[in-house]
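Some notes on the structure that comes next.
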Amino acid sequence: MKSSLLNRMRRQAVVALCCLGFLHGGVAAWAADPFPSKPISLVLPFPPGGSVDPVFRSLAEAASRELGQPVVLMHRPGAGGIMGTASVGAMNEADGYTLAVMHNSVIRAPLVQKVNFDPLRDFTYIAGLFGLSTGVSVAMDAPWKNLGEVLADAKKQPGMLSWGNVGAISINRIYAERLGKLAGTSFNMVPFKGGSEAFTTLIGRHLDVYGDPGFGAQVQGGKVRLLATFTAERLKRYPHVPTVKELGYDLVIESPMGLVTPKNLDPKIAARLVSALADSRTKCNKDELVIGG
């Protein structure tokens, strides 16, 4: 029953997050509409300095030019990236001046804990933006050259190797647990508030493995080694890095990310936002829209 509900919610959320541009055709008639007449807040439910900051900063700057008003990033971290988005869902009505990032942890939260919001009823889904690529990373000077070596060491000492992720109920944490179980071992799971903190700990060798998105800059900077990804196919930027699935573990993480407002947003305002975001996406550096890839 729980699995069926999860699949239903995931399908609905993916459809909603992939709706970018569905209202684009109806925008022309509203070119003279006064919206927006003041700055718009974009709530990021993660700490400052995270891997998605540059992406949303670029998107906000481009959208600001399209809308004629500033789009201001507001960091509201907490509860594994759930609190900030949930706070927007708690607003009674939408006026278009508050947006929030929606991601899979928010959608999944009602299935694993008691929450005061419904991800299907308390939001207006505005735009699907991109999907996050989850990877398995270690410090560049760590002894493991591939995922097989990590799992082999973990089997020798179950529960001793530390595996970091952002959020105790994140999909990345759940799949790391599943990977350990399939490999016949377990890890010491360490939750972090954000990727910046986690990578600092990993590079300093106070954390053995990190299994989350946001590894791109660290890998390209030569600070960490990417051992595998939880993607369906190998990432084009890292063709030498295998997927977890091709290594024999049927685990693929789909992490759509998009933007929402509180419920009951006026369709005219939604159309204006969709149009601005669609134009903004084309003006952003496409490389910035591939997190970890």
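Note on naming: chains are A, B, ... as they come in the structure tokens, residues start from 1 per chain, ligands start from 1 in the order shown.
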Problem set entry | For A:Leu226: contacts at 6 Å, only C-alpha atoms, fewer than 2 positions along chain excluded, given as a list in words | Val136, Ser137 and Ala228 of chain A
Problem set entry | A:Met83 surroundings by only C-alpha atoms, 8 Å radius, close-in-sequence under 6 positions cut, as a list in words |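 Surrounding residues, per the criterion: Pro45, Arg76 and Pro77 of chain A.
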For this session: Would you list, as a VMD selection string, the residues of stretch 136-254 of chain A that end up in helix (DSSP H, G or I) under DSSP run on this structure's backbone?
Result: chain A and resid 147 to 156 171 to 182 195 to 203 216 to 220
Problem set entry | All strand (DSSP E) residues (DSSP, backbone) inside stretch 179-272 of chain A, as a ChimeraX atom specification | /A:188-192,209-210,224-229,256-262
Can I get the selection written as a compact mmCIF listing (two decimals), in the first residue's frame, with C-alpha atoms?
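So the final result, stored in selection_8.txt, reads:
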# COMPACT_ATOMS: atom_id res chain seq x y z
CA ASN A 188 27.55 4.35 9.52
CA MET A 189 25.17 6.92 8.03
CA VAL A 190 26.08 10.52 8.83
CA PRO A 191 23.53 13.27 7.98
CA PHE A 192 24.75 16.77 7.10
CA VAL A 209 32.13 8.25 1.56
CA TYR A 210 29.66 10.91 0.43
CA VAL A 224 37.37 14.13 -4.71
CA ARG A 225 37.14 10.94 -6.75
CA LEU A 226 33.80 9.94 -8.25
CA LEU A 227 33.43 6.16 -7.94
CA ALA A 228 29.92 5.59 -9.34
CA THR A 229 26.59 7.27 -9.96
CA PRO A 256 13.37 15.96 -10.27
CA MET A 257 13.60 19.51 -8.99
CA GLY A 258 11.35 22.42 -9.83
CA LEU A 259 9.53 25.48 -8.53
CA VAL A 260 6.22 25.83 -6.72
CA THR A 261 4.12 28.53 -5.10
CA PRO A 262 1.45 28.21 -2.41
For this session: Give me the residues within 8 Å of A:Phe117 as a PyMOL selection string, counting only C-alpha atoms and dropping any in the same chain fewer than 5 places off.
Result: chain A and resi 86+89-90+110+122
Problem set entry | Contact residues around A:Ala232 with only C-alpha atoms at 8 Å, ignoring same-chain residues under 3 positions, as an MDAnalysis selection string | chainID A and resid 243 245 252:253
Based on the selection just made, write N, CA and C atoms of those residues as a short mmCIF file (atom, residue, chain, number, x, y, z; two decimals), in the first residue's frame.
data_model
loop_
_atom_site.label_atom_id
_atom_site.label_comp_id
_atom_site.auth_asym_id
_atom_site.auth_seq_id
_atom_site.Cartn_x
_atom_site.Cartn_y
_atom_site.Cartn_z
N THR A 243 27.82 3.31 -13.54
CA THR A 243 26.63 3.49 -12.71
C THR A 243 26.58 2.36 -11.69
N LYS A 245 24.01 0.69 -11.11
CA LYS A 245 23.22 -0.37 -11.74
C LYS A 245 24.08 -1.31 -12.57
N VAL A 252 18.52 3.04 -9.12
CA VAL A 252 18.58 4.28 -9.89
C VAL A 252 17.78 5.34 -9.15
N ILE A 253 18.38 6.48 -8.90
CA ILE A 253 17.71 7.56 -8.19
C ILE A 253 17.25 8.62 -9.18
#
Problem set entry | Surrounding residues of A:Gly81 excluding itself and chain neighbours under 4 positions, 9 Å, only C-alpha atoms, as a PyMOL selection string | chain A and resi 44-47+76-77+85+103+105-106+166-167+170+193-194
Problem set entry | Distance query A:Gly248 at most 12 Å, only C-alpha atoms, self and fewer than 4 positions along chain excluded, as a PyMOL selection string | chain A and resi 147-148+179+182-183+228+230+242-244+252
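Picture a line from atom CA of A:Ala152 to atom CA of A:Thr134; it runs 21.1 Å.
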For this session: May I have the residues within 8 Å of A:Glu93 as a ChimeraX atom specification, using only C-alpha atoms and disregarding those fewer than 3 positions away in the same chain?
Result: /A:262-265
Those same residues - N, CA, C and O atoms - I'd like them written as a PDB file, in the first residue's frame.
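This is the output file out_5.pdb:
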ATOM      1  N   PRO A 262       2.577  28.704  -3.208  1.00  0.00           N
ATOM      2  CA  PRO A 262       1.450  28.205  -2.410  1.00  0.00           C
ATOM      3  C   PRO A 262       0.274  27.862  -3.329  1.00  0.00           C
ATOM      4  O   PRO A 262       0.254  28.226  -4.511  1.00  0.00           O
ATOM      5  N   LYS A 263      -0.698  27.194  -2.783  1.00  0.00           N
ATOM      6  CA  LYS A 263      -1.853  26.756  -3.573  1.00  0.00           C
ATOM      7  C   LYS A 263      -2.682  27.937  -4.079  1.00  0.00           C
ATOM      8  O   LYS A 263      -2.572  29.061  -3.589  1.00  0.00           O
ATOM      9  N   ASN A 264      -3.527  27.634  -5.058  1.00  0.00           N
ATOM     10  CA  ASN A 264      -4.509  28.579  -5.604  1.00  0.00           C
ATOM     11  C   ASN A 264      -3.887  29.802  -6.267  1.00  0.00           C
ATOM     12  O   ASN A 264      -4.409  30.917  -6.161  1.00  0.00           O
ATOM     13  N   LEU A 265      -2.796  29.598  -6.977  1.00  0.00           N
ATOM     14  CA  LEU A 265      -2.205  30.718  -7.716  1.00  0.00           C
ATOM     15  C   LEU A 265      -3.065  31.049  -8.930  1.00  0.00           C
ATOM     16  O   LEU A 265      -3.512  30.163  -9.657  1.00  0.00           O
TER      17      LEU A 265
END
For this session: May I ask for the distance between atom CA of A:Met160 and atom CA of A:Leu202, given in Å to one decimal place?
Result: 15.3 Å
Problem set entry | Among listed residues A:Asp53, A:Glu66, A:Val112, A:Asp250, nearest A:Ile169 (using only C-alpha atoms) |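 Nearest candidate to A:Ile169 out of A:Asp53, A:Glu66, A:Val112, A:Asp250: A:Val112.
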